[in-house]
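Enquirer: For reference, this is coords-v6.txt, and it has compact mmCIF, C-alpha atoms.
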# COMPACT_ATOMS: atom_id res chain seq x y z
CA MET A 1 23.31 -27.71 -31.80
CA ARG A 2 23.90 -30.47 -34.33
CA ARG A 3 23.15 -33.09 -31.71
CA TRP A 4 19.82 -31.39 -30.94
CA ARG A 5 19.01 -31.39 -34.64
CA SER A 6 19.39 -35.19 -34.58
CA TYR A 7 16.80 -35.43 -31.79
CA TYR A 8 14.26 -33.62 -33.97
CA PHE A 9 14.26 -36.67 -36.21
CA LEU A 10 13.07 -38.74 -33.27
CA ILE A 11 10.38 -36.24 -32.32
CA ILE A 12 8.93 -35.95 -35.86
CA PRO A 13 8.06 -39.68 -36.31
CA ILE A 14 6.63 -39.87 -32.79
CA LEU A 15 4.39 -36.89 -33.62
CA LEU A 16 3.39 -38.61 -36.86
CA LEU A 17 2.59 -41.78 -34.93
CA ILE A 18 0.43 -39.88 -32.44
CA LEU A 19 -1.38 -38.17 -35.34
CA ALA A 20 -1.93 -41.52 -37.08
CA PHE A 21 -3.39 -43.05 -33.90
CA GLN A 22 -5.50 -39.98 -33.21
CA PHE A 23 -6.80 -39.55 -36.76
CA PRO A 24 -7.04 -42.99 -38.50
CA GLN A 25 -8.71 -41.31 -41.49
CA LEU A 26 -5.60 -39.17 -42.00
CA ASN A 27 -3.48 -42.32 -41.87
CA ALA A 28 -5.70 -44.00 -44.49
CA THR A 29 -5.62 -40.92 -46.74
CA ALA A 30 -1.82 -40.75 -46.55
CA HIS A 31 -1.64 -44.43 -47.54
CA ALA A 32 -4.06 -43.85 -50.43
CA VAL A 33 -2.03 -40.89 -51.73
CA PHE A 34 1.19 -42.90 -51.44
CA SER A 35 -0.33 -45.88 -53.29
CA ALA A 36 -1.66 -43.71 -56.10
CA ALA A 37 1.67 -41.91 -56.44
CA THR A 38 3.81 -45.04 -56.49
CA LYS A 39 1.58 -47.23 -58.66
CA PRO A 40 3.41 -46.37 -61.93
CA ALA A 41 6.75 -47.24 -60.32
CA PHE A 42 5.30 -50.50 -58.98
CA THR A 43 3.93 -51.38 -62.42
CA ILE A 44 7.33 -50.81 -64.05
CA ALA A 45 9.16 -52.78 -61.35
CA ASP A 46 6.61 -55.57 -61.73
CA GLY A 47 7.85 -56.17 -65.31
CA ALA A 48 11.39 -56.75 -64.04
CA ARG A 49 10.07 -58.87 -61.20
CA ARG A 50 8.19 -61.16 -63.60
CA VAL A 51 11.27 -61.67 -65.76
CA LEU A 52 13.36 -62.47 -62.67
CA TYR A 53 10.71 -64.87 -61.37
CA ASP A 54 10.73 -66.58 -64.74
CA ILE A 55 14.51 -66.92 -64.69
CA ARG A 56 14.56 -68.18 -61.12
CA TYR A 57 11.89 -70.84 -61.59
CA ASN A 58 13.26 -71.98 -64.95
CA THR A 59 16.88 -72.42 -63.94
CA GLY A 60 16.88 -76.01 -65.25
CA ASN A 61 15.80 -74.87 -68.70
CA PHE A 62 18.37 -72.11 -68.56
CA VAL A 63 21.18 -74.62 -67.93
CA ASP A 64 20.03 -76.65 -70.96
CA ALA A 65 20.08 -73.51 -73.05
CA VAL A 66 23.67 -72.83 -71.98
CA GLY A 67 24.66 -76.40 -73.09
CA LYS A 68 23.21 -75.83 -76.53
CA GLN A 69 24.85 -72.43 -76.68
CA ARG A 70 28.27 -74.08 -76.73
CA GLN A 71 27.37 -75.94 -79.94
CA HIS A 72 25.49 -73.26 -81.76
CA LEU A 73 26.77 -70.11 -80.13
CA ALA A 74 26.00 -67.59 -82.79
CA ARG A 75 22.57 -68.98 -83.62
CA ILE A 76 21.46 -69.61 -80.08
CA GLN A 77 22.40 -66.19 -78.77
CA ASP A 78 19.87 -64.77 -81.13
CA LEU A 79 17.25 -67.44 -80.49
CA GLU A 80 17.66 -67.60 -76.76
CA SER A 81 16.40 -64.10 -76.14
CA GLN A 82 13.35 -64.89 -78.30
CA LEU A 83 12.86 -68.21 -76.55
CA LEU A 84 12.94 -66.64 -73.11
CA ARG A 85 10.35 -64.10 -74.17
CA TYR A 86 8.11 -66.72 -75.79
CA ARG A 87 8.45 -69.00 -72.79
CA GLU A 88 7.43 -66.21 -70.49
CA MET A 89 4.46 -65.44 -72.72
CA ASP A 90 3.59 -69.12 -72.93
CA GLN A 91 3.68 -69.53 -69.19
CA GLU A 92 1.67 -66.39 -68.71
CA ASN A 93 -0.81 -67.68 -71.29
CA HIS A 94 -0.96 -71.01 -69.51
CA ARG A 95 -1.50 -69.37 -66.15
CA LEU A 96 -4.14 -67.02 -67.50
CA LYS A 97 -5.95 -69.89 -69.28
CA LYS A 98 -5.92 -71.83 -66.06
CA LEU A 99 -7.22 -68.79 -64.21
CA LEU A 100 -9.86 -68.20 -66.90
CA GLY A 101 -10.98 -71.81 -66.74
CA PHE A 102 -11.18 -71.56 -62.99
CA SER A 103 -13.02 -68.23 -63.26
CA GLN A 104 -15.63 -69.79 -65.58
CA SER A 105 -16.12 -72.67 -63.17
CA LEU A 106 -16.87 -70.25 -60.32
CA VAL A 107 -20.51 -69.48 -59.65
CA THR A 108 -19.72 -65.93 -58.57
CA PRO A 109 -18.34 -63.40 -61.07
CA SER A 110 -14.73 -62.39 -60.53
CA ILE A 111 -12.08 -59.80 -61.43
CA GLY A 112 -8.58 -60.90 -62.42
CA VAL A 113 -5.80 -59.00 -60.62
CA ARG A 114 -2.04 -59.13 -60.50
CA VAL A 115 0.18 -59.13 -57.43
CA ILE A 116 2.60 -56.21 -57.85
CA GLY A 117 4.18 -55.87 -54.42
CA GLU A 118 4.67 -57.55 -51.07
CA ASP A 119 5.04 -56.46 -47.47
CA VAL A 120 8.64 -56.36 -46.27
CA THR A 121 7.97 -58.06 -42.92
CA PRO A 122 8.82 -61.79 -43.27
CA TRP A 123 5.91 -63.06 -41.18
CA LYS A 124 3.31 -60.68 -42.63
CA LYS A 125 1.70 -61.85 -45.88
CA ILE A 126 0.17 -58.69 -47.26
CA VAL A 127 0.40 -58.07 -51.00
CA VAL A 128 -0.34 -55.10 -53.24
CA LEU A 129 -2.80 -55.73 -56.09
CA ASP A 130 -2.77 -53.78 -59.35
CA LYS A 131 -6.48 -52.87 -59.27
CA GLY A 132 -8.47 -50.72 -56.87
CA SER A 133 -11.91 -49.27 -56.27
CA ARG A 134 -11.98 -47.70 -59.77
CA GLN A 135 -11.86 -51.22 -61.23
CA GLY A 136 -14.55 -52.57 -58.90
CA ILE A 137 -12.42 -54.00 -56.12
CA LYS A 138 -14.07 -53.72 -52.71
CA ARG A 139 -12.98 -54.38 -49.17
CA ASP A 140 -13.40 -58.00 -47.92
CA MET A 141 -13.66 -59.53 -51.40
CA ALA A 142 -12.37 -63.11 -51.36
CA ILE A 143 -9.09 -63.69 -53.23
CA VAL A 144 -8.82 -67.05 -54.96
CA ALA A 145 -6.19 -68.83 -57.03
CA PRO A 146 -6.80 -71.94 -59.19
CA GLU A 147 -5.49 -74.07 -56.31
CA GLY A 148 -7.97 -72.62 -53.80
CA LEU A 149 -8.56 -69.76 -51.38
CA ALA A 150 -5.68 -67.27 -51.11
CA GLY A 151 -7.01 -64.52 -48.82
CA ARG A 152 -9.19 -61.42 -48.82
CA VAL A 153 -8.99 -57.73 -49.73
CA LEU A 154 -7.91 -55.70 -46.71
CA GLU A 155 -7.79 -52.11 -47.94
CA VAL A 156 -8.87 -50.51 -51.18
CA GLU A 157 -7.42 -47.41 -52.77
CA PRO A 158 -8.52 -45.90 -56.09
CA PHE A 159 -5.90 -47.66 -58.23
CA THR A 160 -4.48 -50.37 -56.00
CA ALA A 161 -5.61 -52.62 -53.20
CA ARG A 162 -3.92 -54.42 -50.36
CA ALA A 163 -4.81 -58.07 -49.71
CA ILE A 164 -4.12 -60.22 -46.67
CA LEU A 165 -3.15 -63.80 -47.51
CA LEU A 166 -3.98 -66.89 -45.44
CA PRO A 167 -0.48 -67.33 -43.90
CA ASP A 168 -0.67 -63.85 -42.32
CA PRO A 169 -1.17 -64.18 -38.55
CA ASP A 170 -4.06 -61.68 -38.68
CA CYS A 171 -6.03 -63.70 -41.26
CA ARG A 172 -9.00 -65.79 -40.02
CA VAL A 173 -11.21 -68.06 -42.14
CA SER A 174 -14.05 -70.25 -40.97
CA ALA A 175 -13.30 -73.75 -42.28
CA LEU A 176 -14.57 -77.31 -42.47
CA THR A 177 -12.83 -80.66 -42.90
CA PHE A 178 -14.03 -82.27 -46.11
CA VAL A 179 -14.79 -85.84 -44.92
CA SER A 180 -15.56 -85.56 -41.20
CA ARG A 181 -17.27 -82.12 -41.54
CA ALA A 182 -15.58 -80.82 -38.39
CA GLN A 183 -15.72 -77.04 -38.09
CA GLY A 184 -12.86 -74.81 -37.04
CA VAL A 185 -11.08 -71.58 -37.79
CA ILE A 186 -8.05 -71.36 -40.05
CA THR A 187 -5.45 -68.87 -38.85
CA GLY A 188 -2.11 -67.92 -40.34
CA THR A 189 1.11 -68.47 -38.46
CA GLY A 190 3.46 -66.21 -40.40
CA THR A 191 5.14 -69.31 -41.85
CA GLU A 192 4.34 -71.63 -44.77
CA LYS A 193 1.87 -73.55 -42.58
CA LEU A 194 -1.61 -72.73 -41.31
CA GLN A 195 -3.41 -73.70 -38.10
CA MET A 196 -6.96 -75.01 -37.82
CA ARG A 197 -8.16 -74.08 -34.35
CA TYR A 198 -11.24 -74.65 -32.19
CA LEU A 199 -11.87 -78.19 -33.47
CA ALA A 200 -14.06 -80.25 -31.14
CA LEU A 201 -12.17 -82.80 -29.04
CA ASP A 202 -14.33 -85.64 -30.43
CA ALA A 203 -13.93 -84.55 -34.08
CA GLU A 204 -12.94 -87.59 -36.17
CA ILE A 205 -10.47 -85.81 -38.37
CA ALA A 206 -7.55 -87.56 -40.03
CA VAL A 207 -4.12 -86.56 -41.27
CA GLY A 208 -4.24 -85.89 -45.02
CA GLU A 209 -7.88 -84.81 -44.97
CA ASP A 210 -8.81 -81.79 -47.10
CA VAL A 211 -9.86 -78.53 -45.46
CA ILE A 212 -12.38 -76.28 -47.23
CA THR A 213 -14.15 -73.00 -46.47
CA SER A 214 -17.35 -73.41 -44.47
CA GLY A 215 -19.16 -70.37 -45.92
CA ILE A 216 -19.89 -69.02 -42.42
CA GLY A 217 -19.18 -65.33 -42.06
CA SER A 218 -20.43 -64.23 -45.49
CA ILE A 219 -16.99 -63.30 -46.88
CA PHE A 220 -15.82 -66.59 -48.39
CA PRO A 221 -18.02 -68.89 -50.48
CA LYS A 222 -18.48 -72.43 -49.21
CA GLY A 223 -16.34 -75.26 -50.57
CA LEU A 224 -13.12 -73.48 -51.60
CA GLN A 225 -10.05 -75.63 -51.04
CA ILE A 226 -7.70 -74.35 -48.31
CA GLY A 227 -5.23 -77.17 -47.68
CA LYS A 228 -4.55 -80.60 -46.21
CA ILE A 229 -4.14 -81.57 -42.56
CA GLU A 230 -0.54 -82.38 -41.73
CA SER A 231 -0.74 -83.12 -38.01
CA ILE A 232 -3.24 -82.99 -35.15
CA GLU A 233 -2.61 -82.21 -31.50
CA ARG A 234 -4.49 -80.99 -28.44
CA ASP A 235 -4.69 -77.19 -28.21
CA GLY A 236 -2.92 -75.37 -25.36
CA ASP A 237 -6.23 -74.70 -23.58
CA GLY A 238 -7.00 -78.46 -23.52
CA LEU A 239 -10.56 -77.84 -24.70
CA HIS A 240 -10.03 -78.16 -28.44
CA LEU A 241 -7.97 -79.91 -31.05
CA LEU A 242 -5.49 -78.00 -33.18
CA ALA A 243 -4.47 -79.14 -36.65
CA VAL A 244 -1.52 -77.93 -38.69
CA VAL A 245 -2.61 -77.44 -42.30
CA ILE A 246 -0.45 -77.29 -45.42
CA PRO A 247 -2.05 -74.76 -47.81
CA THR A 248 -2.73 -75.81 -51.39
CA VAL A 249 -1.99 -72.36 -52.81
CA PRO A 250 1.75 -71.74 -53.46
CA PHE A 251 1.87 -68.35 -51.73
CA SER A 252 5.52 -67.64 -52.58
CA LYS A 253 4.76 -67.89 -56.33
CA LEU A 254 1.45 -66.02 -56.43
CA GLU A 255 1.31 -63.77 -59.50
CA GLU A 256 -2.30 -63.61 -60.73
CA VAL A 257 -5.43 -64.12 -58.65
CA LEU A 258 -9.17 -63.56 -58.85
CA CYS A 259 -11.30 -61.31 -56.65
CA LEU A 260 -14.80 -62.70 -56.21
CA VAL A 261 -17.24 -59.90 -56.94
CA SER A 262 -20.53 -60.72 -55.31
CA PRO A 263 -20.85 -61.96 -51.75
CA PRO A 264 -21.89 -65.59 -51.34
CA SER A 265 -25.49 -66.48 -50.57
CA LYS A 266 -26.13 -66.42 -46.84
CA MET B 267 28.93 -37.13 -49.58
CA PRO B 268 25.89 -36.04 -51.64
CA ARG B 269 23.33 -33.42 -50.66
CA LEU B 270 20.44 -35.47 -49.28
CA ALA B 271 17.72 -33.26 -50.75
CA SER B 272 19.06 -33.83 -54.27
CA PHE B 273 17.01 -35.51 -56.98
CA LYS B 274 19.63 -38.25 -57.26
CA VAL B 275 19.19 -39.30 -53.62
CA ILE B 276 15.38 -39.11 -53.75
CA LEU B 277 15.43 -41.28 -56.86
CA TYR B 278 17.70 -43.71 -55.04
CA PHE B 279 15.20 -43.91 -52.17
CA VAL B 280 12.45 -44.76 -54.69
CA PHE B 281 14.73 -47.32 -56.35
CA LEU B 282 15.49 -49.00 -53.00
CA MET B 283 11.81 -49.02 -52.08
CA MET B 284 10.98 -50.74 -55.38
CA MET B 285 13.81 -53.21 -54.81
CA ASP B 286 12.50 -54.06 -51.34
CA ALA B 287 8.86 -54.40 -52.38
CA THR B 288 9.13 -56.12 -55.75
CA ILE B 289 12.58 -57.33 -56.83
CA LEU B 290 14.22 -58.67 -53.66
CA PRO B 291 11.29 -61.00 -52.79
CA VAL B 292 12.20 -62.89 -56.01
CA PHE B 293 15.54 -63.80 -54.42
CA ARG B 294 13.94 -65.25 -51.32
CA ILE B 295 15.47 -68.30 -49.67
CA GLY B 296 12.56 -70.03 -47.98
CA ALA B 297 10.60 -67.12 -46.55
CA VAL B 298 13.64 -64.91 -46.09
CA TYR B 299 14.64 -62.01 -48.29
CA PRO B 300 16.97 -59.06 -47.67
CA SER B 301 16.17 -55.37 -47.28
CA PHE B 302 18.20 -52.75 -49.10
CA LEU B 303 16.45 -49.95 -47.20
CA CYS B 304 17.98 -51.27 -43.95
CA LEU B 305 21.38 -51.40 -45.65
CA PHE B 306 21.02 -47.76 -46.70
CA VAL B 307 20.75 -46.69 -43.04
CA CYS B 308 23.93 -48.67 -42.23
CA TYR B 309 25.69 -47.21 -45.27
CA ALA B 310 24.79 -43.68 -44.14
CA ALA B 311 26.10 -44.39 -40.64
CA PHE B 312 29.39 -45.83 -41.96
CA GLU B 313 30.03 -43.20 -44.60
CA TRP B 314 28.20 -39.98 -43.77
CA GLY B 315 27.97 -39.58 -39.98
CA ALA B 316 25.20 -38.94 -37.48
CA PRO B 317 23.00 -36.09 -38.84
CA LYS B 318 22.61 -37.68 -42.26
CA THR B 319 22.04 -41.12 -40.73
CA MET B 320 19.06 -39.73 -38.80
CA TYR B 321 17.68 -38.22 -41.99
CA VAL B 322 18.11 -41.47 -43.94
CA ALA B 323 16.70 -43.56 -41.06
CA PHE B 324 13.64 -41.30 -40.83
CA TRP B 325 12.83 -41.58 -44.54
CA VAL B 326 13.57 -45.31 -44.66
CA GLY B 327 11.24 -45.86 -41.71
CA LEU B 328 8.55 -43.72 -43.27
CA LEU B 329 8.76 -45.59 -46.59
CA ARG B 330 8.51 -48.90 -44.76
CA ASP B 331 5.47 -47.55 -42.90
CA PHE B 332 3.83 -46.81 -46.25
CA LEU B 333 4.86 -50.17 -47.72
CA GLY B 334 3.58 -52.08 -44.70
CA GLY B 335 0.22 -50.32 -44.60
CA GLY B 336 0.34 -49.82 -40.82
CA MET B 337 0.41 -46.77 -38.59
CA ILE B 338 2.57 -44.03 -40.09
CA GLY B 339 5.44 -43.17 -37.77
CA MET B 340 5.82 -46.58 -36.14
CA GLU B 341 8.75 -47.81 -38.24
CA ALA B 342 10.12 -44.30 -38.61
CA SER B 343 10.40 -43.97 -34.80
CA LEU B 344 11.96 -47.42 -34.60
CA PHE B 345 14.53 -46.67 -37.27
CA VAL B 346 15.49 -43.25 -35.92
CA GLY B 347 15.82 -44.70 -32.40
CA LEU B 348 18.02 -47.49 -33.71
CA ALA B 349 20.02 -45.02 -35.81
CA PHE B 350 21.16 -43.35 -32.55
CA LEU B 351 22.43 -46.74 -31.34
CA LEU B 352 24.00 -47.46 -34.72
CA ASP B 353 25.78 -44.12 -34.72
CA PHE B 354 27.09 -44.80 -31.21
CA ALA B 355 28.34 -48.25 -32.30
CA VAL B 356 30.04 -46.80 -35.40
CA GLN B 357 31.87 -44.20 -33.29
CA LYS B 358 33.15 -46.86 -30.89
CA MET B 359 33.98 -49.62 -33.38
CA GLU B 360 37.48 -50.77 -34.27
CA LYS B 361 37.45 -50.06 -38.01
CA GLN B 362 40.48 -52.27 -38.72
CA PHE B 363 38.72 -55.40 -37.48
CA PRO B 364 37.76 -57.46 -40.58
CA GLY B 365 34.05 -57.94 -41.04
CA ILE B 366 33.08 -55.27 -38.47
CA TYR B 367 30.80 -53.48 -40.95
CA MET B 368 28.94 -56.69 -41.71
CA LEU B 369 28.71 -57.54 -38.02
CA ILE B 370 27.24 -54.15 -37.14
CA THR B 371 24.83 -54.38 -40.08
CA PHE B 372 23.79 -57.87 -38.94
CA LEU B 373 23.16 -56.61 -35.39
CA PHE B 374 21.27 -53.55 -36.64
CA VAL B 375 18.90 -55.60 -38.84
CA LEU B 376 18.57 -58.23 -36.11
CA ILE B 377 17.63 -55.73 -33.40
CA GLU B 378 15.23 -53.95 -35.77
CA GLY B 379 13.59 -57.30 -36.64
CA VAL B 380 13.35 -58.41 -33.00
CA LEU B 381 11.77 -55.10 -31.97
CA ARG B 382 9.26 -55.36 -34.80
CA LEU B 383 8.56 -58.94 -33.79
CA LEU B 384 7.92 -57.89 -30.19
CA LEU B 385 5.64 -55.10 -31.41
CA GLY B 386 3.91 -57.71 -33.59
CA TYR B 387 3.36 -59.95 -30.55
CA GLY B 388 1.94 -56.96 -28.73
CA ASP B 389 -0.37 -56.50 -31.72
CA GLY B 390 -1.68 -60.09 -31.66
CA LEU B 391 0.75 -62.46 -33.43
CA PRO B 392 -0.17 -66.04 -32.44
CA SER B 393 1.89 -67.41 -29.58
CA GLY B 394 3.81 -70.66 -29.99
CA TRP B 395 5.66 -69.56 -33.15
CA PHE B 396 8.15 -67.21 -31.52
CA GLY B 397 11.08 -69.53 -32.26
CA THR B 398 10.16 -69.77 -35.94
CA HIS B 399 9.68 -66.03 -36.27
CA LEU B 400 12.92 -65.33 -34.43
CA GLY B 401 14.66 -67.71 -36.84
CA LEU B 402 13.21 -65.73 -39.75
CA VAL B 403 14.53 -62.50 -38.23
CA VAL B 404 18.03 -63.96 -37.71
CA LEU B 405 18.16 -65.34 -41.26
CA THR B 406 16.87 -62.05 -42.68
CA ALA B 407 19.61 -60.20 -40.77
CA LEU B 408 22.21 -62.68 -42.04
CA TYR B 409 21.02 -62.50 -45.66
CA THR B 410 20.85 -58.68 -45.54
CA SER B 411 24.31 -58.24 -43.98
CA VAL B 412 25.91 -60.62 -46.51
CA LEU B 413 24.69 -58.31 -49.28
CA LEU B 414 26.46 -55.26 -47.77
CA PRO B 415 29.40 -55.34 -50.27
CA VAL B 416 26.93 -55.53 -53.17
CA PHE B 417 25.01 -52.61 -51.71
CA TYR B 418 28.22 -50.59 -51.24
CA PHE B 419 29.12 -51.17 -54.89
CA LEU B 420 25.61 -50.20 -56.03
CA THR B 421 25.40 -47.08 -53.85
CA ASP B 422 28.92 -45.88 -54.67
CA ARG B 423 28.11 -46.23 -58.36
CA TRP B 424 24.81 -44.41 -58.01
CA LEU B 425 25.77 -41.60 -55.65
CA GLY B 426 29.46 -41.36 -56.57
CA HIS B 427 31.91 -42.19 -53.80
CA LYS B 428 34.65 -39.63 -53.20
CA THR B 429 37.45 -41.01 -51.02
CA ALA B 430 39.40 -38.87 -48.57
CA THR B 431 42.72 -39.73 -50.27
CA LYS B 432 41.95 -37.23 -53.01
CA GLN B 433 42.46 -34.48 -50.42
CA TYR B 434 46.08 -35.53 -50.00
CA GLU B 435 46.65 -35.60 -53.72
CA LEU B 436 46.15 -31.84 -53.78
CA PHE B 437 49.23 -31.36 -51.60
CA ARG B 438 51.59 -33.60 -53.53
What does this structure look like when you write it as structure tokens?
Expert:
Amino acid sequence: MRRWRSYYFLIIPILLLILAFQFPQLNATAHAVFSAATKPAFTIADGARRVLYDIRYNTGNFVDAVGKQRQHLARIQDLESQLLRYREMDQENHRLKKLLGFSQSLVTPSIGVRVIGEDVTPWKKIVVLDKGSRQGIKRDMAIVAPEGLAGRVLEVEPFTARAILLPDPDCRVSALTFVSRAQGVITGTGTEKLQMRYLALDAEIAVGEDVITSGIGSIFPKGLQIGKIESIERDGDGLHLLAVVIPTVPFSKLEEVLCLVSPPSK
Amino acid sequence: MPRLASFKVILYFVFLMMMDATILPVFRIGAVYPSFLCLFVCYAAFEWGAPKTMYVAFWVGLLRDFLGGGMIGMEASLFVGLAFLLDFAVQKMEKQFPGIYMLITFLFVLIEGVLRLLLGYGDGLPSGWFGTHLGLVVLTALYTSVLLPVFYFLTDRWLGHKTATKQYELFR
């Protein structure tokens, strides 16, 4: 009897899967309810995550602080906690100023959002954003960082949104090489590198050349930096060239980004 | 062994979900970071036995379905299916062999990752990167299994571990 009870646990998810395939709207609603319910927990966990990020990427400074602590133990213990907080605020300020400066330089208006969660699959690059449709986020909005294009909004819920980043294998962006003006499509590979596909065989592209958005497809504005070409080879089909591109945006350290509000001019 | 429908266990599920989605990515090495939700399934199999493992695997899979934004039930089916295998392995394993728990955890996370990878290829992952992705899966399994002692400590503290030796103490 107990063994049969175990099999029920296999039947239930399969039924759920069939329901999700049969009724995609039900699947989307369940995701929306889950996102709305877990947003407060995500927001709280995001505070801890930011502190941990700060500690991880400031390990050098932390070691210095430990050296000083030996000399001025009593004083530094008190000051160190303040310093860490101020440094975090300073870095946040710096990042936000940079983002603000970038936002003002953009022709299209934008909404600043924070990354509060990530997909657990290593090759998927889908992140959870802290704003949703109630704050004006819409599906297919371009996501940009000061370094360049980061991705686009995939799904929108009332209080959160899910964005797909360029390294995700399902992400496609129409792109252009900056000097030779060769057109291609940027696709993610699930790793730190991107691929630029469907380049013409006679395209005079060079290693180190910048890759920018082409503006075709009406989602991404023209001229946003994507990355630099690292290597070029012939594609498997033999009809096109394929370039491996190093993205300019540091995707593993993405904390704040901008969502471009209005679509680019067609 | 706690009652699984208790508030303490539900809160622990939420805590592990938050760890997986927000905190553990901070400790990434390259593109690899561990999953505490996977470790919870292994913990349940090692400590609680088959019926509770199925329950934990189902909820872990469902939470990962919600976190991933895909079809609900996909990961849950995968996890429950693998929990049957895990339970079988735990019944057959030689518990005195050092490192057996870590080895089984490693294999569990590895098989789960490989199956998800194959499903991903079926869903349109670009070909030509299989080796790289497989490497990511292996490293994720390795990183996750290495953290098993930490997870045991954390879970025992949270849920309260009662050892069987206390039974004998009653008859002293």
Enquirer: With distances taken over only C-alpha atoms, which of B:Pro300, B:Gly426, B:Gly365, B:Pro317 is nearest to B:Leu413?
Expert: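 Comparing B:Pro300, B:Gly426, B:Gly365, B:Pro317 against B:Leu413, the winner is B:Pro300.
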Enquirer: Have a look at A:Asp235, A:Arg56, A:Arg85, A:Val257 and name the one nearest to B:Ile295; count all atoms listed in the file.
Expert: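 Under the stated criterion, the closest residue is A:Arg56.
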Enquirer: For chain A, which of B:Val380, B:Ala349, B:Leu305, B:Met320 is the closest residue, counting only C-alpha atoms?
Expert: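 Distance minimum relative to chain A lands on B:Met320.
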Enquirer: Taking only C-alpha atoms into account, what are the residues of chain B at most 7 Å from chain A, put as an MDAnalysis selection string?
Expert: chainID B and resid 284 286:289 292 297:298 317 320:321 324 332:335 337:340 342:343 346:347 391:392 399 402
Enquirer: What gap, in Å, lies between atom CA of A:Ile212 and atom CA of A:Phe178?
Expert: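 One can read the atom CA of A:Ile212 to atom CA of A:Phe178 distance as 6.3 Å.
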Enquirer: Could you check which of B:Ile370, B:Leu383, B:Ala311, B:Ile377 is closest to B:Val412, using all atoms listed in the file?
Expert: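 Closest to B:Val412 of all the choices is B:Ile370.
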Enquirer: Rounded to one decimal in Å, what is the spacing between atom CA of B:Tyr309 and atom CA of B:Tyr409?
Expert: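 Pair atom CA of B:Tyr309 / atom CA of B:Tyr409 returns 16.0 Å.
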Enquirer: List the residues sitting within 10 Å of (4.7, -76.7, -41.3) in the file's frame, using only C-alpha atoms, as a ChimeraX atom specification.
Expert: /A:189,191-195,230-231,244-247
Enquirer: Using atom CA of A:Val261 and atom CA of A:Pro40 as the two end points, give the distance in Å to one decimal.
Expert: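 Pair atom CA of A:Val261 / atom CA of A:Pro40 returns 25.2 Å.
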